[in-house]
Amino acid sequence: MTHATEQWNADRIPDLTGRIFVVTGANSGLGLATTRELARHGGHVVLAVRDEGKGSAAAQRITAQVPGARLDVRRVDLADLDSVRDFAGALRAEHPRLDVLVNNAGVMAPPRTLSAQGHELQFAANHLGHFALTGLLLDRLAAGRDPRVVTVSSLQHRKGRIDFDDIHGSRRYSPMGHYNQAKLANTVFGHELHQRLTAAGSPVRSVLAHPGYTATNLQNDTPVALVRWVFGRILGPLVAQAPEVGALPQLYAATAPHVEGGAFLGPDGPGELRGAPRPVGYAPAATDPETGRRLWELSERLTEVRYALG
């Protein structure tokens with residue numbers, strides 16, 4: 001990605017007719033903006049949402065703006081691995097191939113909560129659910145056209161630390177600390193997936209993106225009042241960009257023809273807070289081979305999903 005392409009915008013998305021995209025968390029914020037643009041350029045999009053009613057309402061809004069949009073709404077609770085398996089099984093039955101999976105959904109800074117399988121909610125929904133979903137759909141992606149997995153990370157991954165000895169916060173829990181851990185896990189996963197896909201000679205590319213500081217429901221809906229006040233009410237109006245702009249790095253990662261596997265895209269403005277997509281750097285922990293191996297093995301054990309690579 002050269003300087004000449006740094007002002008890339010959604011109008012430069014190529015024709016996506018005939019391509020199938022799966023976007024998690026597609027009913028609001030970054031997911032909604034991503035789905036709208038994919039549909040506007042001819043893509044067939046599966047909206048993977050926890051609330052089917054909200055997903056259907058989002059699909060109706062998109063169709064009003066993009067007549068003839070090809071959209072399917074499917075329920076999945078990424079914090080519940082049984083739901084992820086049911087969703088992936090239904091999708092596999094419907095589609096012999098998929099082209100792009102956008103791992104976008106997430107939760108931010110709730111009080112300590114456990115998933116249906118007993119995993120800390122942010123680690124479960126933001127990381128484990130996407131790890132499992134990607135593995136369960138990998139063969140369908142491998143059959144796709146220019147196939148990609150786009151993992152949406154955050155600037156906060158640079159503040160994260162993966163506590164392998166207390167991954168679920170049973171001894172010590174911090175809402176934002178565990179959010180940072182989950183976003184670092186997303187980033188480690190995306191990088192490690194790239195390494196493993198490359199080693200296996202897979203046609204699937206793993207690409208990462210982060211939205212900078214974008215105004216979404218993630219900040220405003222968190223039940224932790226301090227986080228909601230600081231990120232949603234104080235900093236948000238001063239710094240945050242609209243979801244349509246914040247979604248550009250993940251749209252670039254999902255659609256630009258020459259994106260390389262392992263690329264990490266984020267905003268080009270000061271501090272990577274705002275702007276058009278450009279390559280950005282990983283936190284050192286995100287590319288550490290030992291961290292990648294440990295997280296991968298832990299994720300396989302907790303999800304019981306093994307990737308068919310090699």
# chains A, B, ... in the order shown; residues from 1 in each chain; ligands from 1
>>> residues_around(residues="region 196-210 of chain A", least_positions_apart="3", cutoff="6 Å", atoms="only C-alpha atoms", output="ChimeraX atom specification")
/A:142,147-154,193,249-250,261-266,309-310
>>> write_last_selection(atoms="C-alpha atoms", output="tab-separated table (two decimals), in the first residue's frame")
chain	number	residue	atom	x	y	z
A	142	ALA	CA	-10.28	-22.27	1.09
A	147	PRO	CA	-10.42	-15.85	0.28
A	148	ARG	CA	-9.61	-13.90	3.43
A	149	VAL	CA	-10.13	-13.84	7.17
A	150	VAL	CA	-10.23	-10.27	8.48
A	151	THR	CA	-9.76	-9.98	12.23
A	152	VAL	CA	-10.75	-6.65	13.75
A	153	SER	CA	-8.41	-5.59	16.54
A	154	SER	CA	-8.05	-2.32	18.47
A	193	LEU	CA	-3.17	-17.65	11.61
A	249	PRO	CA	-9.45	-0.33	7.34
A	250	GLN	CA	-11.48	-3.54	7.59
A	261	GLY	CA	-1.49	-11.89	4.25
A	262	GLY	CA	-0.34	-10.69	7.66
A	263	ALA	CA	-0.98	-7.03	6.83
A	264	PHE	CA	-2.37	-4.87	9.65
A	265	LEU	CA	-4.42	-1.84	8.53
A	266	GLY	CA	-5.40	1.16	10.61
A	309	LEU	CA	-3.82	-27.24	8.08
A	310	GLY	CA	-1.06	-29.29	6.57
>>> residues_around(residues="region 79-92 of chain A", least_positions_apart="5", cutoff="12 Å", atoms="only C-alpha atoms", output="PyMOL selection string")
chain A and resi 20-22+24+46-50+72-74+97-98+101+105-107+113-141+143+299+302-305
>>> select_by_dssp(residues="region 164-308 of chain A", states="strand (DSSP E)", output="PyMOL selection string")
chain A and resi 205-209+264-267+277-279
>>> atom_distance(atom1="CA of Val188 (chain A)", atom2="CA of His157 (chain A)")
9.3 Å
>>> closest_atom_pairs(of="region 245-301 of chain A", to="region 27-34 of chain A", cutoff="7 Å", atoms="only C-alpha atoms", output="Markdown table")
| residue | atom | partner | partner_atom | distance |
| --- | --- | --- | --- | --- |
| A:Gly246 | CA | A:Leu30 | CA | 6.8 |
| A:Ala247 | CA | A:Leu30 | CA | 5.3 |
| A:Leu251 | CA | A:Thr34 | CA | 6.3 |
>>> residues_around(residues="region 274-284 of chain A", least_positions_apart="2", cutoff="6 Å", atoms="only C-alpha atoms", output="ChimeraX atom specification")
/A:6-7,158,212,249,264-269,272,286-287
>>> closest_residue(among="A:Arg301, A:Arg112, A:Lys183, A:Arg145", to="His168 (chain A)", atoms="only C-alpha atoms")
A:Arg112
>>> decode(residues="region 187-199 of chain A", atoms="all heavy atoms", output="PDB file, in the first residue's frame")
ATOM      1  N   THR A 187      -5.294 -10.025  17.980  1.00  0.00           N
ATOM      2  CA  THR A 187      -4.160  -9.669  17.140  1.00  0.00           C
ATOM      3  C   THR A 187      -3.152 -10.807  17.049  1.00  0.00           C
ATOM      4  O   THR A 187      -2.621 -11.108  15.968  1.00  0.00           O
ATOM      5  CB  THR A 187      -3.494  -8.389  17.669  1.00  0.00           C
ATOM      6  OG1 THR A 187      -4.508  -7.433  17.977  1.00  0.00           O
ATOM      7  CG2 THR A 187      -2.549  -7.797  16.653  1.00  0.00           C
ATOM      8  N   VAL A 188      -2.886 -11.448  18.172  1.00  0.00           N
ATOM      9  CA  VAL A 188      -2.011 -12.630  18.174  1.00  0.00           C
ATOM     10  C   VAL A 188      -2.609 -13.702  17.264  1.00  0.00           C
ATOM     11  O   VAL A 188      -1.895 -14.320  16.456  1.00  0.00           O
ATOM     12  CB  VAL A 188      -1.823 -13.168  19.599  1.00  0.00           C
ATOM     13  CG1 VAL A 188      -1.080 -14.501  19.577  1.00  0.00           C
ATOM     14  CG2 VAL A 188      -1.078 -12.168  20.466  1.00  0.00           C
ATOM     15  N   PHE A 189      -3.914 -13.917  17.377  1.00  0.00           N
ATOM     16  CA  PHE A 189      -4.578 -14.923  16.549  1.00  0.00           C
ATOM     17  C   PHE A 189      -4.434 -14.600  15.067  1.00  0.00           C
ATOM     18  O   PHE A 189      -4.073 -15.465  14.256  1.00  0.00           O
ATOM     19  CB  PHE A 189      -6.057 -15.019  16.922  1.00  0.00           C
ATOM     20  CG  PHE A 189      -6.893 -15.728  15.888  1.00  0.00           C
ATOM     21  CD1 PHE A 189      -6.683 -17.066  15.598  1.00  0.00           C
ATOM     22  CD2 PHE A 189      -7.893 -15.051  15.200  1.00  0.00           C
ATOM     23  CE1 PHE A 189      -7.449 -17.728  14.639  1.00  0.00           C
ATOM     24  CE2 PHE A 189      -8.663 -15.699  14.249  1.00  0.00           C
ATOM     25  CZ  PHE A 189      -8.441 -17.036  13.959  1.00  0.00           C
ATOM     26  N   GLY A 190      -4.726 -13.354  14.676  1.00  0.00           N
ATOM     27  CA  GLY A 190      -4.634 -13.002  13.263  1.00  0.00           C
ATOM     28  C   GLY A 190      -3.240 -13.195  12.708  1.00  0.00           C
ATOM     29  O   GLY A 190      -3.065 -13.679  11.582  1.00  0.00           O
ATOM     30  N   HIS A 191      -2.228 -12.822  13.495  1.00  0.00           N
ATOM     31  CA  HIS A 191      -0.846 -12.995  13.045  1.00  0.00           C
ATOM     32  C   HIS A 191      -0.455 -14.467  13.004  1.00  0.00           C
ATOM     33  O   HIS A 191       0.160 -14.937  12.036  1.00  0.00           O
ATOM     34  CB  HIS A 191       0.101 -12.225  13.970  1.00  0.00           C
ATOM     35  CG  HIS A 191       1.539 -12.319  13.555  1.00  0.00           C
ATOM     36  ND1 HIS A 191       2.387 -13.289  14.051  1.00  0.00           N
ATOM     37  CD2 HIS A 191       2.266 -11.588  12.674  1.00  0.00           C
ATOM     38  CE1 HIS A 191       3.575 -13.135  13.505  1.00  0.00           C
ATOM     39  NE2 HIS A 191       3.537 -12.116  12.676  1.00  0.00           N
ATOM     40  N   GLU A 192      -0.810 -15.212  14.042  1.00  0.00           N
ATOM     41  CA  GLU A 192      -0.467 -16.634  14.079  1.00  0.00           C
ATOM     42  C   GLU A 192      -1.191 -17.398  12.981  1.00  0.00           C
ATOM     43  O   GLU A 192      -0.623 -18.312  12.363  1.00  0.00           O
ATOM     44  CB  GLU A 192      -0.813 -17.210  15.454  1.00  0.00           C
ATOM     45  CG  GLU A 192      -0.449 -18.681  15.644  1.00  0.00           C
ATOM     46  CD  GLU A 192       1.050 -18.953  15.712  1.00  0.00           C
ATOM     47  OE1 GLU A 192       1.837 -17.978  15.834  1.00  0.00           O
ATOM     48  OE2 GLU A 192       1.431 -20.144  15.646  1.00  0.00           O
ATOM     49  N   LEU A 193      -2.433 -17.025  12.709  1.00  0.00           N
ATOM     50  CA  LEU A 193      -3.170 -17.654  11.613  1.00  0.00           C
ATOM     51  C   LEU A 193      -2.458 -17.408  10.288  1.00  0.00           C
ATOM     52  O   LEU A 193      -2.327 -18.327   9.462  1.00  0.00           O
ATOM     53  CB  LEU A 193      -4.598 -17.102  11.565  1.00  0.00           C
ATOM     54  CG  LEU A 193      -5.487 -17.643  10.443  1.00  0.00           C
ATOM     55  CD1 LEU A 193      -5.694 -19.147  10.570  1.00  0.00           C
ATOM     56  CD2 LEU A 193      -6.833 -16.916  10.439  1.00  0.00           C
ATOM     57  N   HIS A 194      -1.984 -16.195  10.078  1.00  0.00           N
ATOM     58  CA  HIS A 194      -1.221 -15.904   8.863  1.00  0.00           C
ATOM     59  C   HIS A 194      -0.004 -16.818   8.755  1.00  0.00           C
ATOM     60  O   HIS A 194       0.267 -17.389   7.686  1.00  0.00           O
ATOM     61  CB  HIS A 194      -0.776 -14.442   8.868  1.00  0.00           C
ATOM     62  CG  HIS A 194       0.335 -14.148   7.908  1.00  0.00           C
ATOM     63  ND1 HIS A 194       0.212 -14.294   6.544  1.00  0.00           N
ATOM     64  CD2 HIS A 194       1.627 -13.734   8.127  1.00  0.00           C
ATOM     65  CE1 HIS A 194       1.345 -13.981   5.954  1.00  0.00           C
ATOM     66  NE2 HIS A 194       2.225 -13.646   6.892  1.00  0.00           N
ATOM     67  N   GLN A 195       0.734 -16.979   9.849  1.00  0.00           N
ATOM     68  CA  GLN A 195       1.925 -17.820   9.827  1.00  0.00           C
ATOM     69  C   GLN A 195       1.566 -19.260   9.459  1.00  0.00           C
ATOM     70  O   GLN A 195       2.240 -19.897   8.637  1.00  0.00           O
ATOM     71  CB  GLN A 195       2.598 -17.800  11.206  1.00  0.00           C
ATOM     72  CG  GLN A 195       3.055 -16.435  11.675  1.00  0.00           C
ATOM     73  CD  GLN A 195       4.237 -15.921  10.877  1.00  0.00           C
ATOM     74  OE1 GLN A 195       4.084 -15.073  10.001  1.00  0.00           O
ATOM     75  NE2 GLN A 195       5.409 -16.438  11.158  1.00  0.00           N
ATOM     76  N   ARG A 196       0.498 -19.769  10.051  1.00  0.00           N
ATOM     77  CA  ARG A 196       0.117 -21.170   9.822  1.00  0.00           C
ATOM     78  C   ARG A 196      -0.477 -21.388   8.433  1.00  0.00           C
ATOM     79  O   ARG A 196      -0.219 -22.421   7.805  1.00  0.00           O
ATOM     80  CB  ARG A 196      -0.847 -21.627  10.918  1.00  0.00           C
ATOM     81  CG  ARG A 196      -0.162 -21.713  12.284  1.00  0.00           C
ATOM     82  CD  ARG A 196      -1.114 -22.046  13.420  1.00  0.00           C
ATOM     83  NE  ARG A 196      -0.419 -22.052  14.698  1.00  0.00           N
ATOM     84  CZ  ARG A 196      -0.215 -23.128  15.449  1.00  0.00           C
ATOM     85  NH1 ARG A 196      -0.687 -24.305  15.069  1.00  0.00           N
ATOM     86  NH2 ARG A 196       0.444 -23.031  16.598  1.00  0.00           N
ATOM     87  N   LEU A 197      -1.270 -20.438   7.951  1.00  0.00           N
ATOM     88  CA  LEU A 197      -1.815 -20.551   6.595  1.00  0.00           C
ATOM     89  C   LEU A 197      -0.690 -20.529   5.568  1.00  0.00           C
ATOM     90  O   LEU A 197      -0.695 -21.305   4.601  1.00  0.00           O
ATOM     91  CB  LEU A 197      -2.785 -19.404   6.325  1.00  0.00           C
ATOM     92  CG  LEU A 197      -4.113 -19.420   7.085  1.00  0.00           C
ATOM     93  CD1 LEU A 197      -4.844 -18.102   6.898  1.00  0.00           C
ATOM     94  CD2 LEU A 197      -4.997 -20.590   6.636  1.00  0.00           C
ATOM     95  N   THR A 198       0.284 -19.659   5.771  1.00  0.00           N
ATOM     96  CA  THR A 198       1.411 -19.562   4.843  1.00  0.00           C
ATOM     97  C   THR A 198       2.222 -20.853   4.838  1.00  0.00           C
ATOM     98  O   THR A 198       2.582 -21.368   3.772  1.00  0.00           O
ATOM     99  CB  THR A 198       2.302 -18.368   5.219  1.00  0.00           C
ATOM    100  OG1 THR A 198       1.532 -17.165   5.177  1.00  0.00           O
ATOM    101  CG2 THR A 198       3.481 -18.248   4.269  1.00  0.00           C
ATOM    102  N   ALA A 199       2.493 -21.376   6.020  1.00  0.00           N
ATOM    103  CA  ALA A 199       3.277 -22.611   6.115  1.00  0.00           C
ATOM    104  C   ALA A 199       2.558 -23.779   5.452  1.00  0.00           C
ATOM    105  O   ALA A 199       3.202 -24.683   4.902  1.00  0.00           O
ATOM    106  CB  ALA A 199       3.569 -22.929   7.579  1.00  0.00           C
TER     107      ALA A 199
END
